[in-house]
Amino acid sequence: MDPSSIIRKTAADLRVIPNLGDYEAERQHFSWEAVSRELSSQPHGGVNIAWQTVDRHAAGGLRDKTAFRFLAGGAPGRVMSYGELSALANRFCNVLRGLSVGKGERLFILAGRIPELYITLLGSLKNGTVVSPLFSAFGPEPIATRVNLGTGTVLVTTDALFDRKIAKWRDRMPTLRHVLLVADDGGTTAVPGTLDLAALMASALDECEMTPTTAEDAALLHFTSGTTGTPKGAVHVHGAVATHWATGKYALDLHADDIYWCTADPGWVTGTSYGIIAPLLHGVTSVVDREEFDAERWYGILQDESVSVWYTAPTAVRMLMKAGADIAKKYAFPRLRFVASVGEPLNPEAVWWGKEVLGLPIHDNWWQTETGGIMIANTPAFDIKPGSMGRPLPGIDAAIVERHKDGSVKVIDTPDKEGELALKCGWPSMFRGYLNNEERYRKSFAGEWYLTGDLAKRDADGYFWFVGRSDDVIKSAGHLIGPFEVESALMEHPAVADAGVIGKPDPVVGEVVKAFVSLKKGFEPSEALRLELLGHARKRLGAAVAPKEIAFLPRLPLTRSGKIMRRLLKARELGLPEGDTSTLEADA
Ligand code: ATP
Ligand code: MG
C-alpha cells in the first residue's frame, strides 16, 4: 500500500455526528461575532477565560461533572469536578489578592502536570494576572531567562523543583516578589523565603468576585519551542477563548460525553489551549497524566480511561511505532473515535499506522504558538490525504504568498506552488506581541496577512501541504527541497524510526541533502543498510531530491516538545556554535 493513498471516509467511520459536516457551508456562514454570542455573556460583562471555561459550568448543570481525572503513576489519582475546580481557582484568586498581586502582573508556574498547575492557572486568570506555565524539565538558566523576560512577580512551583532549580538562582530573578510552594508529598512546606501554597489555600475563601477583564486584556504568555532559534515570548489575550471554542468544536470534534486526552504539557501552548481551555469550554472530562511517555502506560490509559478523543504529537506517534505493534496488541480501544496530532509534520506512515494499530487514522493539524489555536486541520468527516495538514477551519483564511523586497506580499493562486504560508488577520487567538521584540512582531505582518515563516503549498482541492520552515529549506542545484518530504520517504523504510534532513553547503550545487536517521528496535547501523536507505530514497524521490549522505544516530536532537532540531544537526555537522539549546531534550 502506498502510504500517500487517500484515506476515504464513509458514514461508517463516524460514531457521532461530526461538528463540521458541510465544509463549504460552515465556512460561508461562520462569523467570529456569532461565536462570541455562542459563548455565554458574563454577569459583569467582558471576557475572562476562567469564567468561560469553569465558572459558568460550575454555576450550571455541570457542577458535579468531572473536569479532570489527574493520573499519577504509583500514587492515587484525583478526580476534580467543575464545581471543585471553580471553588479552588477562587481560593487561589483570593490568595493572590492577599499578597497584593494584581491585574497585569505576571505569574509563572513551574510544575509537572499536577492539579495545582491547573488551579493556579485558572485562579490567576480570574485575578487578571497574566500566566506563563513553564515546562518543568527546564533547567535554572532557561527558567530565569523566561521569568526575567516576562518580569515575573510570582512563581508557583514544587518544593523539589525549587530546591533543584530555583533556590540558588533566585537572586538572578530580581522581579520575583513571591515564591509559592506545593509540597511534593501533598503536605506542607516551610522553606525560608517562600510561602506554603497549601496553607494559604486552606485559609482562603471559596468565593471571589472576578477582576473585570476585556477580550483584549493579556491572559497568557507562551514561549515558542526554540526549534529555529531563541524562544520568543508570545502574548495572548482573554478573547482567544473564541478560537479555542470554535476549534475544540471543529478540529477536535468535542462532544459533551467525550473523554478527552491531550498529551501535551501546559508548558507548551498546546497543553494550555487544548489541554485546559478548549476541553473545559466544551464541558468535557479530560484525562491528565503526570508521567512521561511510556508506550505501555499510554496504551493502558487510552484503554482504561476509555479515551474517546486523543490529541497528541508526531513524536509520540513515532515513539509508539518504534516500540512495535506487539505492545499495542495487548490493548483494545473500543471507545476511541478520533485521533489528532500537531507540532510537526505527520508522516504518511504515521497516519496509516494509526489506522492499523488504533483502528483510526491520525488527523494532522497545523498551528503555532503565535496563532494561539488550530488554524488548518483534518477533521472527522473528510478524506485524509496522508502528509497533508488539512484545510483551513471556518473563520480562518490561509494562503500561499510570495514576499517581495519592499515588504509587500503577493498571493499565489496556482495550485501546488510552494510559498510562505500566511493567514488573514482577524482570528481572536492571534498573539498580540512578542515580549521585548516589537520589531520582530511588526515584521511578521504584511498588510492584512500574518506571515508564519513556514513554507507550504495548497493543492487544487484546497488541502495544505507543509514543505518546511523557511529556515530549514534546502537549496540544491536550483531545486528547493523541503526536509519533510525527504524525511517521510526515509520513514517508509521498515528500519527507520526517525529522520532529520539538512542542507550541507557544497561548492558545486549550493547545498547537498544530508539525512540523519535513527533505527527501530531490532535494526543495527551498517554500511549495507546505509546503501539500502540511499537506494530506497533515490527510488522514491529521484536523484535530485534524495539525500547524498546518510548518517546513523542513536537518537535525533529533539526539543522538549518533540520537534527535530535541524538547526542543531546542521551546527554539529559543520562544527558551528549550537546557539540556544534551552529547549533541547536532556542528553540529546
Ligand atoms: P521557534 O518559533 O522558537 O523556532 P517553533 O516554531 O517550533 O519554535 P511552536 O510555535 O511550538 O514553536 O511550533 C510551531 C511550528 O511547528 C510551526 O510553525 C510549524 O513549523 C511546526 N508545525 C506545527 N504543526 C505542524 C504540522 N501539523 N505540520 C508541520 N509543521 C507543523
Ligand atoms: Mg516558530
# chains A, B, ... in the order shown; residues from 1 in each chain; ligands from 1
>>> select_by_dssp(residues="segment 155-371 of chain A", states="strand (DSSP E or B)", output="VMD selection string")
chain A and resid 155 to 158 178 to 182 195 to 196 218 to 223 233 to 237 259 to 262 285 to 289 309 to 312 338 to 341 363 to 366
>>> residues_near_ligand(ligand="ligand 2", cutoff="9 Å", atoms="only C-alpha atoms and all ligand atoms", output="number ranges by chain")
A: 224-229, 231-232, 368-370, 452-454, 469
>>> residues_around(residues="Tyr260 of chain A", least_positions_apart="6", cutoff="8 Å", atoms="only C-alpha atoms", output="list in words")
Pro279, Val284, Thr285, Ser286, Val287, Val307, Ser308, Val309, Trp310 and Tyr311 of chain A
>>> select_by_dssp(residues="segment 126-304 of chain A", states="helix (DSSP H, G or I)", output="JSON, numbers by chain")
{"A": [126, 140, 141, 142, 143, 144, 145, 146, 147, 148, 149, 159, 160, 161, 162, 163, 164, 165, 166, 167, 168, 169, 170, 171, 172, 197, 198, 199, 200, 201, 202, 238, 239, 240, 241, 242, 243, 244, 245, 246, 247, 248, 249, 250, 269, 270, 271, 272, 273, 274, 275, 276, 277, 278, 279, 280, 281, 295, 296, 297, 298, 299, 300, 301, 302, 303, 304]}
>>> closest_residue(among="A:Lys514, A:Arg391, A:Lys322, A:Arg530", to="ligand 1", atoms="only C-alpha atoms and all ligand atoms")
A:Arg391
>>> residues_around(residues="Glu84 of chain A", least_positions_apart="4", cutoff="12 Å", atoms="only C-alpha atoms", output="MDAnalysis selection string")
chainID A and resid 54:55 57:59 62:68 78:80 88:91 115 118:119 206:207
>>> decode(residues="segment 125-168 of chain A", atoms="N, CA and C atoms", output="PDB file, in the first residue's frame")
ATOM      1  N   LEU A 125      -6.013  33.809  36.222  1.00  0.00           N
ATOM      2  CA  LEU A 125      -6.792  34.457  35.165  1.00  0.00           C
ATOM      3  C   LEU A 125      -7.987  35.214  35.762  1.00  0.00           C
ATOM      4  N   LYS A 126      -8.589  34.633  36.819  1.00  0.00           N
ATOM      5  CA  LYS A 126      -9.707  35.328  37.479  1.00  0.00           C
ATOM      6  C   LYS A 126      -9.266  36.648  38.077  1.00  0.00           C
ATOM      7  N   ASN A 127      -8.000  36.684  38.481  1.00  0.00           N
ATOM      8  CA  ASN A 127      -7.462  37.890  39.103  1.00  0.00           C
ATOM      9  C   ASN A 127      -6.921  38.865  38.055  1.00  0.00           C
ATOM     10  N   GLY A 128      -7.037  38.492  36.778  1.00  0.00           N
ATOM     11  CA  GLY A 128      -6.487  39.346  35.720  1.00  0.00           C
ATOM     12  C   GLY A 128      -4.975  39.263  35.642  1.00  0.00           C
ATOM     13  N   THR A 129      -4.391  38.340  36.396  1.00  0.00           N
ATOM     14  CA  THR A 129      -2.935  38.168  36.392  1.00  0.00           C
ATOM     15  C   THR A 129      -2.552  37.313  35.182  1.00  0.00           C
ATOM     16  N   VAL A 130      -1.505  37.709  34.492  1.00  0.00           N
ATOM     17  CA  VAL A 130      -1.094  37.014  33.268  1.00  0.00           C
ATOM     18  C   VAL A 130      -0.273  35.778  33.658  1.00  0.00           C
ATOM     19  N   VAL A 131      -0.588  34.642  33.059  1.00  0.00           N
ATOM     20  CA  VAL A 131       0.079  33.397  33.461  1.00  0.00           C
ATOM     21  C   VAL A 131       1.027  32.895  32.386  1.00  0.00           C
ATOM     22  N   SER A 132       2.164  32.385  32.831  1.00  0.00           N
ATOM     23  CA  SER A 132       3.086  31.731  31.918  1.00  0.00           C
ATOM     24  C   SER A 132       3.501  30.385  32.512  1.00  0.00           C
ATOM     25  N   PRO A 133       2.911  29.299  31.998  1.00  0.00           N
ATOM     26  CA  PRO A 133       3.317  27.985  32.502  1.00  0.00           C
ATOM     27  C   PRO A 133       4.632  27.574  31.838  1.00  0.00           C
ATOM     28  N   LEU A 134       5.581  27.149  32.645  1.00  0.00           N
ATOM     29  CA  LEU A 134       6.885  26.727  32.104  1.00  0.00           C
ATOM     30  C   LEU A 134       6.991  25.214  32.172  1.00  0.00           C
ATOM     31  N   PHE A 135       7.728  24.659  31.232  1.00  0.00           N
ATOM     32  CA  PHE A 135       7.915  23.212  31.225  1.00  0.00           C
ATOM     33  C   PHE A 135       8.813  22.827  32.404  1.00  0.00           C
ATOM     34  N   SER A 136       8.383  21.855  33.190  1.00  0.00           N
ATOM     35  CA  SER A 136       9.072  21.596  34.454  1.00  0.00           C
ATOM     36  C   SER A 136      10.456  20.985  34.269  1.00  0.00           C
ATOM     37  N   ALA A 137      10.760  20.471  33.079  1.00  0.00           N
ATOM     38  CA  ALA A 137      12.091  19.890  32.887  1.00  0.00           C
ATOM     39  C   ALA A 137      13.141  20.947  32.508  1.00  0.00           C
ATOM     40  N   PHE A 138      12.730  22.218  32.376  1.00  0.00           N
ATOM     41  CA  PHE A 138      13.722  23.258  32.101  1.00  0.00           C
ATOM     42  C   PHE A 138      14.743  23.329  33.223  1.00  0.00           C
ATOM     43  N   GLY A 139      15.979  23.687  32.865  1.00  0.00           N
ATOM     44  CA  GLY A 139      17.000  23.923  33.873  1.00  0.00           C
ATOM     45  C   GLY A 139      16.920  25.355  34.381  1.00  0.00           C
ATOM     46  N   PRO A 140      17.749  25.698  35.392  1.00  0.00           N
ATOM     47  CA  PRO A 140      17.693  27.029  36.014  1.00  0.00           C
ATOM     48  C   PRO A 140      17.867  28.187  35.032  1.00  0.00           C
ATOM     49  N   GLU A 141      18.770  28.017  34.085  1.00  0.00           N
ATOM     50  CA  GLU A 141      19.054  29.109  33.150  1.00  0.00           C
ATOM     51  C   GLU A 141      17.825  29.491  32.300  1.00  0.00           C
ATOM     52  N   PRO A 142      17.242  28.511  31.571  1.00  0.00           N
ATOM     53  CA  PRO A 142      16.046  28.879  30.797  1.00  0.00           C
ATOM     54  C   PRO A 142      14.900  29.390  31.652  1.00  0.00           C
ATOM     55  N   ILE A 143      14.801  28.908  32.883  1.00  0.00           N
ATOM     56  CA  ILE A 143      13.719  29.408  33.753  1.00  0.00           C
ATOM     57  C   ILE A 143      13.964  30.887  34.038  1.00  0.00           C
ATOM     58  N   ALA A 144      15.192  31.196  34.466  1.00  0.00           N
ATOM     59  CA  ALA A 144      15.500  32.584  34.824  1.00  0.00           C
ATOM     60  C   ALA A 144      15.348  33.507  33.608  1.00  0.00           C
ATOM     61  N   THR A 145      15.800  33.043  32.455  1.00  0.00           N
ATOM     62  CA  THR A 145      15.681  33.880  31.257  1.00  0.00           C
ATOM     63  C   THR A 145      14.228  34.239  30.995  1.00  0.00           C
ATOM     64  N   ARG A 146      13.345  33.246  31.099  1.00  0.00           N
ATOM     65  CA  ARG A 146      11.935  33.493  30.797  1.00  0.00           C
ATOM     66  C   ARG A 146      11.276  34.361  31.868  1.00  0.00           C
ATOM     67  N   VAL A 147      11.574  34.069  33.136  1.00  0.00           N
ATOM     68  CA  VAL A 147      10.968  34.873  34.214  1.00  0.00           C
ATOM     69  C   VAL A 147      11.424  36.329  34.072  1.00  0.00           C
ATOM     70  N   ASN A 148      12.684  36.531  33.737  1.00  0.00           N
ATOM     71  CA  ASN A 148      13.183  37.901  33.598  1.00  0.00           C
ATOM     72  C   ASN A 148      12.606  38.596  32.372  1.00  0.00           C
ATOM     73  N   LEU A 149      12.531  37.849  31.273  1.00  0.00           N
ATOM     74  CA  LEU A 149      11.963  38.434  30.059  1.00  0.00           C
ATOM     75  C   LEU A 149      10.519  38.863  30.320  1.00  0.00           C
ATOM     76  N   GLY A 150       9.809  38.071  31.107  1.00  0.00           N
ATOM     77  CA  GLY A 150       8.403  38.375  31.392  1.00  0.00           C
ATOM     78  C   GLY A 150       8.217  39.208  32.649  1.00  0.00           C
ATOM     79  N   THR A 151       9.311  39.684  33.254  1.00  0.00           N
ATOM     80  CA  THR A 151       9.274  40.391  34.549  1.00  0.00           C
ATOM     81  C   THR A 151       8.238  39.755  35.484  1.00  0.00           C
ATOM     82  N   GLY A 152       8.454  38.473  35.754  1.00  0.00           N
ATOM     83  CA  GLY A 152       7.543  37.727  36.631  1.00  0.00           C
ATOM     84  C   GLY A 152       7.636  38.227  38.067  1.00  0.00           C
ATOM     85  N   THR A 153       6.464  38.347  38.718  1.00  0.00           N
ATOM     86  CA  THR A 153       6.495  38.751  40.128  1.00  0.00           C
ATOM     87  C   THR A 153       6.138  37.589  41.054  1.00  0.00           C
ATOM     88  N   VAL A 154       5.496  36.553  40.508  1.00  0.00           N
ATOM     89  CA  VAL A 154       5.132  35.405  41.336  1.00  0.00           C
ATOM     90  C   VAL A 154       5.563  34.125  40.624  1.00  0.00           C
ATOM     91  N   LEU A 155       6.061  33.188  41.394  1.00  0.00           N
ATOM     92  CA  LEU A 155       6.390  31.871  40.846  1.00  0.00           C
ATOM     93  C   LEU A 155       5.701  30.821  41.698  1.00  0.00           C
ATOM     94  N   VAL A 156       4.958  29.939  41.056  1.00  0.00           N
ATOM     95  CA  VAL A 156       4.366  28.797  41.754  1.00  0.00           C
ATOM     96  C   VAL A 156       5.178  27.584  41.340  1.00  0.00           C
ATOM     97  N   THR A 157       5.700  26.847  42.304  1.00  0.00           N
ATOM     98  CA  THR A 157       6.468  25.651  41.953  1.00  0.00           C
ATOM     99  C   THR A 157       6.357  24.627  43.089  1.00  0.00           C
ATOM    100  N   THR A 158       7.070  23.526  42.946  1.00  0.00           N
ATOM    101  CA  THR A 158       7.008  22.498  43.997  1.00  0.00           C
ATOM    102  C   THR A 158       8.283  22.570  44.831  1.00  0.00           C
ATOM    103  N   ASP A 159       8.254  21.960  45.999  1.00  0.00           N
ATOM    104  CA  ASP A 159       9.451  22.085  46.851  1.00  0.00           C
ATOM    105  C   ASP A 159      10.665  21.414  46.208  1.00  0.00           C
ATOM    106  N   ALA A 160      10.451  20.284  45.515  1.00  0.00           N
ATOM    107  CA  ALA A 160      11.599  19.612  44.887  1.00  0.00           C
ATOM    108  C   ALA A 160      12.171  20.450  43.744  1.00  0.00           C
ATOM    109  N   LEU A 161      11.297  21.017  42.928  1.00  0.00           N
ATOM    110  CA  LEU A 161      11.787  21.836  41.803  1.00  0.00           C
ATOM    111  C   LEU A 161      12.463  23.100  42.333  1.00  0.00           C
ATOM    112  N   PHE A 162      11.909  23.655  43.406  1.00  0.00           N
ATOM    113  CA  PHE A 162      12.525  24.848  43.994  1.00  0.00           C
ATOM    114  C   PHE A 162      13.952  24.534  44.437  1.00  0.00           C
ATOM    115  N   ASP A 163      14.071  23.424  45.117  1.00  0.00           N
ATOM    116  CA  ASP A 163      15.367  23.009  45.637  1.00  0.00           C
ATOM    117  C   ASP A 163      16.388  22.822  44.508  1.00  0.00           C
ATOM    118  N   ARG A 164      15.962  22.153  43.453  1.00  0.00           N
ATOM    119  CA  ARG A 164      16.886  21.817  42.368  1.00  0.00           C
ATOM    120  C   ARG A 164      17.165  22.980  41.423  1.00  0.00           C
ATOM    121  N   LYS A 165      16.163  23.846  41.207  1.00  0.00           N
ATOM    122  CA  LYS A 165      16.294  24.797  40.091  1.00  0.00           C
ATOM    123  C   LYS A 165      16.159  26.261  40.448  1.00  0.00           C
ATOM    124  N   ILE A 166      15.652  26.573  41.622  1.00  0.00           N
ATOM    125  CA  ILE A 166      15.386  27.986  41.902  1.00  0.00           C
ATOM    126  C   ILE A 166      16.252  28.523  43.045  1.00  0.00           C
ATOM    127  N   ALA A 167      16.338  27.727  44.122  1.00  0.00           N
ATOM    128  CA  ALA A 167      16.930  28.244  45.373  1.00  0.00           C
ATOM    129  C   ALA A 167      18.212  29.023  45.109  1.00  0.00           C
ATOM    130  N   LYS A 168      19.163  28.404  44.398  1.00  0.00           N
ATOM    131  CA  LYS A 168      20.470  29.055  44.212  1.00  0.00           C
ATOM    132  C   LYS A 168      20.430  30.192  43.199  1.00  0.00           C
TER     133      LYS A 168
END
